[in-house]
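**Q** Following this line is target27.txt, made up of compact mmCIF, C-alpha atoms:
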```txt
# COMPACT_ATOMS: atom_id res chain seq x y z
CA MET A 287 -4.31 0.58 11.08
CA PRO A 288 -1.10 -0.13 9.23
CA PHE A 289 2.22 1.00 10.65
CA SER A 290 4.45 -0.80 8.19
CA VAL A 291 7.42 0.68 6.36
CA THR A 292 5.24 1.00 3.30
CA ASP A 293 2.89 3.41 5.07
CA PHE A 294 4.96 5.46 7.48
CA ARG A 295 8.54 5.99 6.44
CA ASP A 296 11.07 5.66 9.23
CA ILE A 297 11.79 9.35 8.88
CA ASP A 298 8.06 10.14 9.34
CA LEU A 299 8.07 8.42 12.72
CA MET A 300 11.46 9.86 13.65
CA MET A 301 10.27 13.41 12.96
CA ARG A 302 7.14 12.73 14.99
CA LEU A 303 9.25 11.51 17.89
CA GLY A 304 11.54 14.50 17.45
CA GLU A 305 8.54 16.76 18.01
CA GLU A 306 7.88 15.08 21.33
CA GLY A 307 11.24 16.22 22.69
CA SER A 308 14.08 14.36 24.32
CA ASP A 309 11.98 12.89 27.15
CA GLY A 310 10.29 10.55 24.73
CA ILE A 311 6.82 9.13 24.46
CA LYS A 312 5.06 5.87 25.28
CA ALA A 313 4.02 3.67 22.37
CA LYS A 314 0.37 3.77 23.40
CA ASP A 315 0.45 7.57 23.38
CA LEU A 316 2.22 7.69 20.05
CA VAL A 317 -0.29 5.37 18.44
CA GLY A 318 -3.06 7.80 19.36
CA LEU A 319 -1.16 10.65 17.75
CA LEU A 320 -0.70 8.63 14.58
CA GLY A 321 -4.40 7.91 14.31
CA GLY A 322 -4.52 4.38 15.71
CA MET A 323 -7.59 3.44 17.68
CA LYS A 324 -7.51 -0.32 18.17
CA ASP A 325 -5.62 -2.27 20.83
CA GLU A 326 -3.71 -4.11 18.13
CA ASP A 327 -2.45 -0.78 16.76
CA ALA A 328 -0.41 -0.27 19.93
CA ARG A 329 1.14 -3.70 19.43
CA HIS A 330 1.97 -2.91 15.80
CA ILE A 331 3.59 0.40 16.60
CA GLY A 332 5.42 -1.18 19.55
CA SER A 333 6.89 -3.77 17.23
CA ARG A 334 7.84 -1.13 14.68
CA LEU A 335 9.54 1.02 17.32
CA ALA A 336 11.38 -2.02 18.68
CA TRP A 337 12.88 -2.71 15.26
CA MET A 338 13.84 0.93 14.83
CA HIS A 339 15.48 0.76 18.26
CA ARG A 340 17.37 -2.36 17.23
CA TYR A 341 18.60 -0.54 14.10
CA GLY A 342 19.87 2.37 16.21
CA MET A 343 17.35 5.00 15.14
CA LEU A 344 15.61 5.22 18.52
CA ASP A 345 16.42 5.01 22.22
CA PHE A 346 14.20 3.22 24.70
CA ASP A 347 13.93 3.76 28.42
CA PRO A 348 12.71 0.39 29.74
CA LYS A 349 11.85 1.72 33.19
CA ARG A 350 9.56 4.47 32.00
CA LYS A 351 8.76 2.72 28.69
CA LEU A 352 9.57 5.86 26.76
CA TRP A 353 10.74 5.96 23.15
CA SER A 354 12.88 8.81 21.89
CA LEU A 355 15.25 9.61 19.06
CA SER A 356 18.76 8.25 19.39
CA GLY A 357 21.71 10.57 18.84
CA SER A 358 22.28 9.35 15.29
CA GLY A 359 18.55 9.28 14.62
CA GLY A 360 18.38 12.91 15.71
CA ARG A 361 21.16 13.81 13.30
CA VAL A 362 19.22 12.20 10.43
CA VAL A 363 16.14 14.22 11.34
CA ASP A 364 18.17 17.44 11.51
CA SER A 365 19.97 16.85 8.22
CA LYS A 366 17.43 18.41 5.94
CA ILE A 367 18.55 18.64 2.34
CA LEU A 368 19.18 22.21 1.36
CA ALA A 369 17.11 23.62 -1.47
CA ALA A 370 20.23 23.94 -3.64
CA GLN A 371 21.10 20.29 -3.05
CA ARG A 372 17.55 19.25 -3.90
CA VAL A 373 17.81 21.13 -7.21
CA GLN A 374 21.08 19.33 -7.96
CA ILE A 375 19.56 15.92 -7.22
CA GLU A 376 16.51 16.64 -9.35
CA ALA A 377 18.79 17.77 -12.19
CA VAL A 378 20.49 14.38 -12.43
CA PRO A 379 19.34 12.86 -15.73
CA ASP A 380 17.65 9.45 -15.66
CA GLU A 381 20.57 7.92 -17.58
CA SER A 382 22.95 8.84 -14.74
CA LEU A 383 20.81 7.45 -11.95
CA VAL A 384 22.48 4.05 -12.15
CA GLU A 385 25.76 5.71 -11.21
CA VAL A 386 24.06 7.55 -8.37
CA MET A 387 22.58 4.25 -7.21
CA ALA A 388 26.06 2.73 -7.27
CA HIS A 389 27.22 5.47 -4.91
CA ILE A 390 24.27 4.79 -2.62
CA THR A 391 24.87 1.04 -2.57
CA THR A 392 28.56 1.63 -1.83
CA ARG A 393 27.58 3.77 1.15
CA PHE A 394 25.02 1.12 2.07
CA ARG A 395 27.80 -1.47 2.29
CA HIS A 396 30.53 0.63 3.83
CA GLY A 397 28.64 3.27 5.80
CA ASP A 398 27.30 2.98 9.33
CA ALA A 399 24.73 0.30 10.07
CA MET A 400 21.88 2.63 11.00
CA THR A 401 22.15 4.53 7.72
CA ALA A 402 22.27 1.23 5.85
CA HIS A 403 19.04 0.10 7.49
CA LEU A 404 17.41 3.44 6.74
CA LEU A 405 18.45 3.20 3.08
CA ARG A 406 17.22 -0.37 2.78
CA ARG A 407 13.88 0.46 4.36
CA GLU A 408 13.56 3.63 2.31
CA PHE A 409 14.04 1.53 -0.83
CA ALA A 410 11.35 -0.87 0.41
CA PHE A 411 9.02 2.07 0.99
CA GLY A 412 9.68 3.70 -2.37
CA THR A 413 9.41 0.54 -4.44
CA SER A 414 6.42 -0.98 -2.68
CA PRO A 415 3.56 -1.88 -5.05
CA LYS A 416 1.34 0.12 -2.69
CA ARG A 417 3.16 3.28 -3.78
CA ARG A 418 2.37 2.84 -7.47
CA PHE A 419 -0.40 4.86 -8.99
CA MET B 128 -65.63 -44.93 -18.77
CA THR B 129 -66.82 -45.76 -22.29
CA THR B 130 -65.08 -48.33 -24.40
CA ALA B 131 -63.90 -45.70 -26.86
CA LEU B 132 -62.30 -43.65 -24.08
CA GLN B 133 -60.76 -46.73 -22.61
CA GLN B 134 -59.25 -47.56 -25.98
CA MET B 135 -57.86 -44.04 -26.40
CA LYS B 136 -56.21 -44.20 -22.94
CA GLU B 137 -54.66 -47.56 -23.73
CA THR B 138 -53.35 -46.23 -27.06
CA LEU B 139 -51.88 -43.21 -25.32
CA ASP B 140 -50.24 -45.39 -22.67
CA ARG B 141 -48.72 -47.52 -25.38
CA VAL B 142 -47.24 -44.42 -27.04
CA LEU B 143 -46.06 -42.84 -23.77
CA ALA B 144 -44.50 -45.90 -22.20
CA PRO B 145 -41.52 -46.14 -24.60
CA LEU B 146 -41.06 -42.36 -24.47
CA SER B 147 -40.89 -42.40 -20.66
CA GLU B 148 -38.42 -45.21 -20.84
CA GLN B 149 -36.38 -43.25 -23.38
CA LEU B 150 -36.45 -40.17 -21.14
CA SER B 151 -35.10 -42.23 -18.23
CA THR B 152 -32.35 -43.57 -20.46
CA VAL B 153 -31.41 -40.04 -21.62
CA ASP B 154 -31.44 -38.71 -18.03
CA SER B 155 -29.23 -41.55 -16.94
CA GLU B 156 -26.86 -40.89 -19.84
CA ILE B 157 -26.69 -37.16 -18.97
CA ALA B 158 -25.87 -37.98 -15.33
CA THR B 159 -23.12 -40.37 -16.45
CA GLN B 160 -21.67 -37.81 -18.88
CA GLU B 161 -21.81 -35.04 -16.23
CA ALA B 162 -19.97 -37.22 -13.74
CA GLU B 163 -17.33 -37.97 -16.37
CA LEU B 164 -17.02 -34.28 -17.26
CA LYS B 165 -16.60 -33.37 -13.59
CA GLU B 166 -13.94 -36.01 -13.21
CA LEU B 167 -12.16 -34.81 -16.38
CA LYS B 168 -12.20 -31.18 -15.08
CA GLU B 169 -10.67 -32.28 -11.79
CA VAL B 170 -7.94 -34.17 -13.63
CA ARG B 171 -7.35 -31.11 -15.84
CA THR B 172 -7.03 -28.85 -12.78
CA GLN B 173 -4.45 -31.20 -11.30
CA ILE B 174 -2.46 -31.37 -14.55
CA VAL B 175 -2.50 -27.55 -14.94
CA ALA B 176 -1.34 -27.13 -11.34
CA ILE B 177 1.58 -29.49 -11.94
CA LEU B 178 2.49 -27.76 -15.24
CA ARG B 179 2.45 -24.33 -13.56
CA ARG B 180 4.75 -25.59 -10.85
CA ILE B 181 7.19 -26.82 -13.48
CA ASP B 182 6.84 -23.79 -15.76
CA PRO B 183 5.79 -20.63 -13.84
CA SER B 184 5.25 -18.76 -17.11
CA LEU B 185 2.04 -20.76 -17.50
CA ALA B 186 0.66 -19.23 -14.31
CA PRO B 187 -2.00 -16.62 -14.92
CA THR B 188 -0.81 -13.07 -14.47
CA ALA B 189 -2.79 -10.72 -12.30
CA LYS B 190 -4.72 -8.17 -14.26
CA LYS B 191 -3.22 -4.77 -13.76
CA LYS B 192 -5.45 -2.03 -12.57
CA PRO B 193 -5.64 0.61 -15.24
CA GLU B 194 -3.37 3.42 -14.16
CA GLY B 195 -4.40 6.99 -14.59
CA ALA B 196 -2.14 9.57 -16.06
CA PRO B 197 0.71 10.46 -13.72
CA VAL B 198 0.74 13.94 -12.31
CA SER B 199 2.99 16.26 -14.27
CA GLU B 200 6.32 17.35 -12.83
CA GLU B 201 5.29 20.94 -13.38
CA ARG B 202 2.16 20.50 -11.25
CA VAL B 203 4.15 18.75 -8.52
CA ARG B 204 6.59 21.65 -8.46
CA GLU B 205 3.78 24.22 -8.33
CA ILE B 206 2.08 22.44 -5.45
CA GLN B 207 5.41 22.03 -3.67
CA GLU B 208 6.11 25.76 -3.96
CA TRP B 209 2.65 26.60 -2.65
CA LEU B 210 3.00 24.18 0.27
CA LEU B 211 6.44 25.50 1.23
CA ALA B 212 5.19 29.08 1.07
CA ASN B 213 2.30 28.22 3.42
CA ALA B 214 4.05 25.56 5.46
CA GLU B 215 3.81 27.14 8.90
CA ILE B 216 0.09 27.88 8.67
CA LEU B 217 -0.68 24.44 7.24
CA ASN B 218 1.34 22.64 9.91
CA ALA B 219 -0.15 24.75 12.69
CA ASN B 220 -3.62 23.74 11.49
CA GLY B 221 -2.81 20.06 11.98
CA GLY B 222 -1.45 19.20 8.57
CA ILE B 223 -3.03 18.68 5.19
CA THR B 224 -5.04 16.13 3.28
CA THR B 225 -6.10 16.30 -0.34
CA SER B 226 -9.59 17.28 0.78
CA SER B 227 -8.46 19.90 3.28
CA LEU B 228 -6.32 21.55 0.60
CA ARG B 229 -9.17 21.67 -1.87
CA GLU B 230 -11.41 23.25 0.74
CA ARG B 231 -8.99 26.13 1.15
CA PRO B 232 -10.03 29.09 -0.97
CA ASP B 233 -6.41 30.11 -1.46
CA PHE B 234 -5.33 26.71 -2.81
CA PRO B 235 -5.04 27.36 -6.55
CA PHE B 236 -5.41 23.80 -7.89
CA SER B 237 -8.80 22.21 -8.31
CA ASN B 238 -7.96 18.78 -9.72
CA LYS B 239 -8.40 16.35 -6.84
CA THR B 240 -6.63 13.40 -8.48
CA ALA B 241 -3.60 15.46 -9.49
CA THR B 242 -3.39 17.00 -6.02
CA SER B 243 -3.64 13.60 -4.36
CA LYS B 244 -0.90 12.16 -6.59
CA ALA B 245 1.29 15.20 -6.07
CA LEU B 246 1.06 14.76 -2.28
CA ILE B 247 2.19 11.15 -2.63
CA VAL B 248 5.14 12.22 -4.81
CA LEU B 249 6.07 14.97 -2.36
CA HIS B 250 5.90 12.51 0.53
CA ASP B 251 8.21 10.19 -1.43
CA ARG B 252 10.62 13.07 -1.95
CA GLY B 253 10.64 14.06 1.70
CA VAL B 254 8.96 17.42 1.20
CA LEU B 255 6.03 16.09 3.22
CA ARG B 256 5.96 13.66 6.09
CA LEU B 257 3.04 11.43 6.95
CA ASP B 258 1.84 12.76 10.27
CA ARG B 259 -1.14 10.54 10.99
CA ILE B 260 -3.92 8.55 9.39
CA GLY B 261 -7.36 9.88 10.13
CA ARG B 262 -10.84 8.50 9.81
CA GLY B 263 -11.59 6.88 6.48
CA ALA B 264 -7.83 6.36 6.01
CA ALA B 265 -7.32 10.04 5.21
CA ARG B 266 -3.59 10.74 5.21
CA TYR B 267 -2.56 13.85 7.07
CA TYR B 268 0.76 15.22 5.93
CA LYS B 269 2.90 17.95 7.38
CA VAL B 270 5.32 20.03 5.40
CA VAL B 271 8.93 19.37 6.35
CA ILE B 272 10.32 22.77 7.23
```
As C-alpha cells - that is how I would like this structure written.

**A**
Amino acid sequence: MPFSVTDFRDIDLMMRLGEEGSDGIKAKDLVGLLGGMKDEDARHIGSRLAWMHRYGMLDFDPKRKLWSLSGSGGRVVDSKILAAQRVQIEAVPDESLVEVMAHITTRFRHGDAMTAHLLRREFAFGTSPKRRF
Amino acid sequence: MTTALQQMKETLDRVLAPLSEQLSTVDSEIATQEAELKELKEVRTQIVAILRRIDPSLAPTAKKKPEGAPVSEERVREIQEWLLANAEILNANGGITTSSLRERPDFPFSNKTATSKALIVLHDRGVLRLDRIGRGAARYYKVVI
C-alpha cells in the first residue's frame, strides 16, 4: 500500500485528519481508514506523518501518540479556493503560466516554510510520471 | 556372414570412416567458433557499457507506453459540475470510484476511460481528494466541499 506524495497529496491526508477533529488519531487507526491492511502500511504512514509534522503541517502528541492538524495546517485545509478564483486561475492562458510560476516560486522562496514544503511536494505530486496518462 | 556381405560391410566402413572423422572435425570447429562468438559478445557488451557511460545518448531509451487520448476539458467540466451538484450524497455514501459512478443510474457519462481520467484531473485540481485505496487498488475520492 503506497502512502507516498505521489499517491496521497499532503492536502488529502490533512483533510482526512481534519475530519477526525482536534483530538487527533493514531497512525495505526488512520492507516485502516486509508485502506492499508499490512503491518508495513502503518510504518509507511507513520513515516509520512512524521515528515509532515517536521514540515509544520501536523501536530503530534507523543504521550497519546495522536496526530492532528497543526494551526497552520488547519488554515490550509480551510482555505478553499472560491469558485470565482478557480475560474480566474483556469482562464490564465498557457503562455502566461510561466509568469504565474514565477510568482509561485517567489512565494516558495520568501513565504513561510510550511507553505514552501507544501508547494514543493505538490509539484512532486503533479509532475510525477505516475500521474501521466 | 557370406563373403559378399563381408565385402559390402568393409566397403561401407571405408566410406563412413572419413565421413565420421570429418563430422568430428566440423563439430570441433563449431564448438571453437561458438566459444569465440561468446567471447566476442562479452567483449562487445563491455565496450557498449563503457561507451554508454561516456556518452549517455547511446543508452537505450525506454519505450513509451502508448497514451490514449486525453479527456476533453469539456468532459472534465461536465463531470466536475455533476460531482459538485451531488457532493453531499456522494461523500455520505463513502466517496466515489470510477466504477461506483458508472453504476449510478443518474450518472450521465458512460465512458469508463474518460471518467477515470477526469477523476484524476479533478484530484490534481483539488476538486476531489483521495480518501482511501480500496481492494484491487480502487481509488476512493471524496468531493471537496

**Q** So, with all atoms listed in the file as the atoms that count, which of B:Arg179, B:Arg259, B:Arg266, B:Lys239 lies closest to chain A?

**A**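 When distances to chain A are compared using all atoms listed in the file, the smallest one comes from B:Arg259.
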
**Q** Using only C-alpha atoms, which protein or nucleic acid residues come within 10 Å of Leu404 (chain A)? Drop anything in the same chain fewer than 5 positions from it, and give the result as a ChimeraX atom specification.

**A** /A:295-297,338,341-343,359,362,394,399,409-410

**Q** In Å, how far is it from CA of Asn213 (chain B) to CA of Glu200 (chain B)?

**A**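 About the pair CA of Asn213 (chain B) and CA of Glu200 (chain B): they are 20.0 Å apart.
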
**Q** Please identify all polymer residues within 10 Å of region 321-335 of chain A, counting all atoms listed in the file, omitting same-chain residues fewer than 5 positions from it, and present them as a PyMOL selection string.

**A** (chain A and resi 287-291+296+299-300+312-316+340-341+343-346+353-354) or (chain B and resi 258-262+264-267)

**Q** For His339 (chain A), which residue among A:Arg302, A:Arg395, A:Lys416, A:His403 is the nearest when counting only C-alpha atoms?

**A**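 Closest to His339 (chain A), using only C-alpha atoms: A:His403.
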
**Q** By how many Å are CA of Val198 (chain B) and CA of Leu217 (chain B) apart?

**A**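 So the two atoms, CA of Val198 (chain B) and CA of Leu217 (chain B), lie 22.2 Å apart.
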
**Q** For each of A:Asp347, A:Glu376, A:Glu385, A:Asp309, take the minimum atom-to-atom distance to chain B, counting all atoms listed in the file, then give the residue where this is smallest.

**A** A:Glu376

**Q** For chain B, work out the contacting residues on chain A at 7 Å, counting only C-alpha atoms, and write them as a list in words.

**A**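 Therefore, the residues near the partner are Phe294, Asp298, Leu319, Leu320, Gly321, Gly412 and Phe419 of chain A.
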
**Q** Quick one: pull the distance between CA of Arg372 (chain A) and CA of Thr401 (chain A), Å, one decimal.

**A**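 Taking CA of Arg372 (chain A) and CA of Thr401 (chain A), their separation equals 19.3 Å.
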
**Q** Hey, which of B:Gln149, B:Ser243, B:Asn238, B:Thr224 ends up closest to Gly263 (chain B)? Count all atoms listed in the file.

**A**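 Of all the options, B:Thr224 lies closest to Gly263 (chain B).
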
**Q** Output region 130-145 of chain B with N, CA and C atoms present, as an mmCIF file, keeping the file's coordinate frame.

**A**
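Saved result, out.cif, follows:
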```cif
data_model
loop_
_atom_site.group_PDB
_atom_site.id
_atom_site.type_symbol
_atom_site.label_atom_id
_atom_site.label_comp_id
_atom_site.auth_asym_id
_atom_site.auth_seq_id
_atom_site.Cartn_x
_atom_site.Cartn_y
_atom_site.Cartn_z
ATOM 1 N N THR B 130 -66.063 -47.473 -23.746
ATOM 2 C CA THR B 130 -65.080 -48.330 -24.400
ATOM 3 C C THR B 130 -64.147 -47.529 -25.281
ATOM 4 N N ALA B 131 -64.732 -46.541 -25.961
ATOM 5 C CA ALA B 131 -63.900 -45.700 -26.860
ATOM 6 C C ALA B 131 -62.835 -44.953 -26.085
ATOM 7 N N LEU B 132 -63.268 -44.400 -24.916
ATOM 8 C CA LEU B 132 -62.300 -43.650 -24.080
ATOM 9 C C LEU B 132 -61.224 -44.574 -23.547
ATOM 10 N N GLN B 133 -61.691 -45.724 -23.134
ATOM 11 C CA GLN B 133 -60.760 -46.730 -22.610
ATOM 12 C C GLN B 133 -59.692 -47.071 -23.643
ATOM 13 N N GLN B 134 -60.174 -47.211 -24.885
ATOM 14 C CA GLN B 134 -59.250 -47.560 -25.980
ATOM 15 C C GLN B 134 -58.238 -46.431 -26.226
ATOM 16 N N MET B 135 -58.734 -45.198 -26.174
ATOM 17 C CA MET B 135 -57.860 -44.040 -26.400
ATOM 18 C C MET B 135 -56.759 -43.989 -25.329
ATOM 19 N N LYS B 136 -57.185 -44.247 -24.054
ATOM 20 C CA LYS B 136 -56.210 -44.200 -22.940
ATOM 21 C C LYS B 136 -55.144 -45.289 -23.119
ATOM 22 N N GLU B 137 -55.598 -46.456 -23.538
ATOM 23 C CA GLU B 137 -54.660 -47.560 -23.730
ATOM 24 C C GLU B 137 -53.674 -47.250 -24.856
ATOM 25 N N THR B 138 -54.216 -46.620 -25.941
ATOM 26 C CA THR B 138 -53.350 -46.230 -27.060
ATOM 27 C C THR B 138 -52.294 -45.229 -26.600
ATOM 28 N N LEU B 139 -52.789 -44.244 -25.820
ATOM 29 C CA LEU B 139 -51.880 -43.210 -25.320
ATOM 30 C C LEU B 139 -50.805 -43.819 -24.429
ATOM 31 N N ASP B 140 -51.203 -44.726 -23.560
ATOM 32 C CA ASP B 140 -50.240 -45.390 -22.670
ATOM 33 C C ASP B 140 -49.176 -46.145 -23.459
ATOM 34 N N ARG B 141 -49.658 -46.747 -24.554
ATOM 35 C CA ARG B 141 -48.720 -47.520 -25.380
ATOM 36 C C ARG B 141 -47.687 -46.584 -26.039
ATOM 37 N N VAL B 142 -48.167 -45.383 -26.410
ATOM 38 C CA VAL B 142 -47.240 -44.420 -27.040
ATOM 39 C C VAL B 142 -46.293 -43.844 -25.989
ATOM 40 N N LEU B 143 -46.844 -43.539 -24.801
ATOM 41 C CA LEU B 143 -46.060 -42.840 -23.770
ATOM 42 C C LEU B 143 -45.037 -43.749 -23.091
ATOM 43 N N ALA B 144 -45.378 -44.988 -22.951
ATOM 44 C CA ALA B 144 -44.500 -45.900 -22.200
ATOM 45 C C ALA B 144 -43.064 -45.927 -22.747
ATOM 46 N N PRO B 145 -42.916 -46.153 -24.091
ATOM 47 C CA PRO B 145 -41.520 -46.140 -24.600
ATOM 48 C C PRO B 145 -40.843 -44.784 -24.482
#
```
